[in-house]
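Take a look at the structure below.
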Amino acid sequence: SMAEDSVIPAYRKLTDAIHGEGAAVIAQLNHAGIKGMDTGLPPAGPSAVPTKDCASEAMDPGQIRAAAAAFTAAAVRAKEAGFDGAELHSAHGYLLNQFYSPLTNKREDAYSAGTMENRTRLHVEIIRAAREAVGEGFILAVRFGACDYTEGGSRIEDIPDAVRTFVSAGADLIDISGGVTGFMRPGHTEPGYLKKLSFAAKSAVNVPVILTGGVTAAQEMESLLEEGAADLIGVGRALLKDPAWSVKALRE
C-alpha cells in the first residue's frame with residue numbers, strides 16, 4: 001500500500017536496494033473501485049453496476065475528488081520513498097479503467113462515458129495534480145486498459161485520442177494492457193498478443209509505449225521491438241517463476 005506516510009521508510013529500503021543494482025523502479029498506484037470487495041472496502045465506482053459478490057455504489061462528486069487526491073498523495077509518497085516514478089493503474093477493470101469503459105461507466109455527468117473528454121476526465125485531473133506535486137524528472141505512467149474486446153466497450157479506435165489526452169496532461173509513459181474484461185484478447189495467447197493496441201498508441205504519441213502479454217523469451221522481446229510494436233516490453237510471469245530470467249535473457 002502507498003496509502004499512508006508510515007510506509008515510506010520501508011519502501012526506501014527497497015528502492016535503495018534496487019538502485020544499488022543499477023536498476024530503476026516505478027510504483028504502480030491502484031484503486032479497486034467496484035472491485036472493492038477484493039480489499040475489504042465497500043465497492044464503489046463510476047456507476048452502481050453488479051459485481052460477482054454484491055452490488056456496487058456510484059461514487060458521488062466528493063468521493064471522486066477524494067480518490068483523485070489519494071492518487072496524488074500516493075505519487076508524492078512514492079517519490080519520497082525513492083521510486084523513480086509512479087504508474088496510474090487504469091486497466092483490468094479497476095477504478096480508472098471503470099471510468100474509461102462504457103461497460104462500467106453509466107454516469108450522466110461530467111465523468112460520463114459519453115465523450116472522450118469525460119471518460120478521461122478523472123485521469124487528467126490526477127495526472128495534472130500529480131505532475132504539479134512531484135515536479136519534472138519523476139516518471140508518470142499510465143497503465144492503460146486500451147480495449148475491452150466486448151460489444152459496447154472501449155475500442156481500438158479510441159486509443160489514439162485517449163493516449164494523446166494522457167500525454168497532454170503530463171504522462172511520460174503509456175503501458176498497454178487489457179481492459180475491464182482483463183488482460184486478454186479472445187483467441188490469442190501468442191507473445192505480444194495485444195500489439196494491435198500498442199501500435200495504435202505509438203501512432204498517436206511520441207512518449208515510450210510498453211507492451212505486455214505472453215512474452216517469456218528474450219528473442220520474443222527482440223522480435224516485437226524490431227517490429228516496432230513498442231519501445232519497451234513488459235515481462236511478468238516469467239520473472240516470477242525465475243528471478244534470474246533477465247540475466248539469462250541478456251546472455252542470450
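Residues are referred to by chain and number: the chain letter is A, B, ... according to the order shown in the C-alpha cells, the number counts from 1 in that chain, and ligands are numbered separately from 1 in the order shown.
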
Subject >> Which of segment 101-208 of chain A fall in helix (DSSP H, G or I), as a VMD selection string >> reply: chain A and resid 116 to 119 121 to 134 156 to 169 195 to 202

With only C-alpha atoms counted and 10 Å as the cut-off, give the residues of segment 84-169 of chain A in contact with segment 197-209 of chain A, each with its shortest interatomic distance in Å and the pair that gives it, as a Markdown table.
```
| residue | atom | partner | partner_atom | distance |
| --- | --- | --- | --- | --- |
| A:Ala141 | CA | A:Pro208 | CA | 9.6 |
| A:Val142 | CA | A:Val209 | CA | 9.9 |
| A:Arg143 | CA | A:Val209 | CA | 9.9 |
| A:Phe144 | CA | A:Leu197 | CA | 9.9 |
| A:Gly145 | CA | A:Leu197 | CA | 9.4 |
| A:Ala146 | CA | A:Leu197 | CA | 6.6 |
| A:Cys147 | CA | A:Leu197 | CA | 7.5 |
| A:Arg155 | CA | A:Leu197 | CA | 9.4 |
| A:Ile156 | CA | A:Leu197 | CA | 6.3 |
| A:Glu157 | CA | A:Ala200 | CA | 7.9 |
| A:Asp158 | CA | A:Ala200 | CA | 9.1 |
| A:Ile159 | CA | A:Ala201 | CA | 6.1 |
| A:Pro160 | CA | A:Ala204 | CA | 5.1 |
| A:Asp161 | CA | A:Ala204 | CA | 7.7 |
| A:Ala162 | CA | A:Ala201 | CA | 8.7 |
| A:Val163 | CA | A:Ala201 | CA | 6.4 |
| A:Arg164 | CA | A:Val205 | CA | 6.1 |
| A:Thr165 | CA | A:Val205 | CA | 9.7 |
| A:Phe166 | CA | A:Val205 | CA | 9.7 |
| A:Val167 | CA | A:Val205 | CA | 7.5 |
| A:Ser168 | CA | A:Val205 | CA | 9.6 |
```

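Of the listed residues A:Ile176, A:Ala27, A:Leu41, A:Ala217, the one whose atoms come nearest to Asp242 of chain A is A:Ala217, with distances taken using only C-alpha atoms.
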
Excluding Val180 of chain A and residues on its chain fewer than 3 positions from it, collect all residues at most 6 Å away from it, counting only C-alpha atoms, and give them as an mmCIF file with N, CA, C and O atoms, in the first residue's frame.
```
data_model
loop_
_atom_site.group_PDB
_atom_site.id
_atom_site.type_symbol
_atom_site.label_atom_id
_atom_site.label_comp_id
_atom_site.auth_asym_id
_atom_site.auth_seq_id
_atom_site.Cartn_x
_atom_site.Cartn_y
_atom_site.Cartn_z
ATOM 1 N N HIS A 92 -7.541 -3.573 -16.455
ATOM 2 C CA HIS A 92 -8.001 -4.780 -15.762
ATOM 3 C C HIS A 92 -9.243 -4.565 -14.897
ATOM 4 O O HIS A 92 -9.475 -5.288 -13.927
ATOM 5 N N GLY A 93 -10.030 -3.560 -15.234
ATOM 6 C CA GLY A 93 -11.294 -3.371 -14.543
ATOM 7 C C GLY A 93 -11.210 -2.668 -13.208
ATOM 8 O O GLY A 93 -12.169 -2.730 -12.421
ATOM 9 N N ASP A 148 -11.668 -3.317 -24.537
ATOM 10 C CA ASP A 148 -12.431 -4.319 -23.793
ATOM 11 C C ASP A 148 -12.715 -5.581 -24.603
ATOM 12 O O ASP A 148 -13.114 -6.607 -24.033
#
```

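Neighbours of Ile34 of chain A closer than or equal to 6 Å, with only C-alpha atoms counted and sequence neighbours fewer than 3 positions away skipped, come out as Pro43, Ala44, Gly45 and Ser56 of chain A.
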
Could you dump the residues just selected with N, CA, C and O atoms as a PDB file, in the first residue's frame?
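Contents of the output file out_19.pdb:
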```pdb
ATOM      1  N   PRO A  43     -17.549  -1.715  -2.253  1.00  0.00           N
ATOM      2  CA  PRO A  43     -17.343  -1.478  -3.675  1.00  0.00           C
ATOM      3  C   PRO A  43     -18.095  -0.243  -4.156  1.00  0.00           C
ATOM      4  O   PRO A  43     -19.306  -0.131  -3.989  1.00  0.00           O
ATOM      5  N   ALA A  44     -17.365   0.708  -4.736  1.00  0.00           N
ATOM      6  CA  ALA A  44     -17.961   1.923  -5.282  1.00  0.00           C
ATOM      7  C   ALA A  44     -17.146   2.346  -6.487  1.00  0.00           C
ATOM      8  O   ALA A  44     -15.915   2.282  -6.469  1.00  0.00           O
ATOM      9  N   GLY A  45     -17.827   2.768  -7.530  1.00  0.00           N
ATOM     10  CA  GLY A  45     -17.144   3.161  -8.751  1.00  0.00           C
ATOM     11  C   GLY A  45     -17.951   4.200  -9.503  1.00  0.00           C
ATOM     12  O   GLY A  45     -18.789   4.892  -8.921  1.00  0.00           O
ATOM     13  N   SER A  56     -22.522  -2.684  -6.343  1.00  0.00           N
ATOM     14  CA  SER A  56     -21.644  -1.566  -6.023  1.00  0.00           C
ATOM     15  C   SER A  56     -22.459  -0.276  -5.972  1.00  0.00           C
ATOM     16  O   SER A  56     -23.603  -0.219  -6.423  1.00  0.00           O
TER      17      SER A  56
END
```

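For the set A:Ala86, A:Met184, A:Ala238, A:Ile26, the residue with the smallest atom-to-atom gap to Tyr149 of chain A is A:Met184, counting only C-alpha atoms.
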
Residues of segment 77-96 of chain A at most 9 Å from segment 112-136 of chain A: nearest atom pair and distance in Å, only C-alpha atoms, as a tab-separated table:
```
residue	atom	partner	partner_atom	distance
A:Lys79	CA	A:Val134	CA	7.1
A:Leu88	CA	A:Ile127	CA	8.4
A:Ser90	CA	A:His123	CA	8.4
A:Leu96	CA	A:His123	CA	6.9
```

Got time to write the residues from that selection, C-alpha atoms, as a PDB file, in the first residue's frame?
```pdb
ATOM      1  CA  LYS A  79       8.765   9.977  -4.751  1.00  0.00           C
ATOM      2  CA  LEU A  88      -1.558   5.024 -12.542  1.00  0.00           C
ATOM      3  CA  SER A  90      -6.144   2.203 -15.469  1.00  0.00           C
ATOM      4  CA  LEU A  96      -9.739   4.423 -13.551  1.00  0.00           C
TER       5      LEU A  96
END
```

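In this comparison, which uses only C-alpha atoms, the residue of A:Ala229, A:Ala58, A:Ala81, A:Met37 approaching Lys13 of chain A most closely is A:Ala81.
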
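If you measure from each of A:Ala48, A:Leu95, A:Ile139, A:Met2 to Val25 of chain A using only C-alpha atoms, the closest one turns out to be A:Ile139.
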
Original post:
Could you pull out the strand (DSSP E) residues of segment 50-134 of chain A from DSSP and send them as a count of residues only?
Top reply: 8

**OP:** Would you mind reading off the distance between atom CA of Leu211 of chain A and atom CA of Pro186 of chain A, one decimal, in Å?
**Re:** 17.0 Å

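Proximity of A:Lys196, A:Arg251, A:Arg12, A:His89 to Ala230 of chain A, computed with only C-alpha atoms, is greatest for A:Lys196.
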
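Closest to Ser1 of chain A among A:Ala110, A:Ile174, A:His31, A:Ala17 is A:His31, based on only C-alpha atoms.
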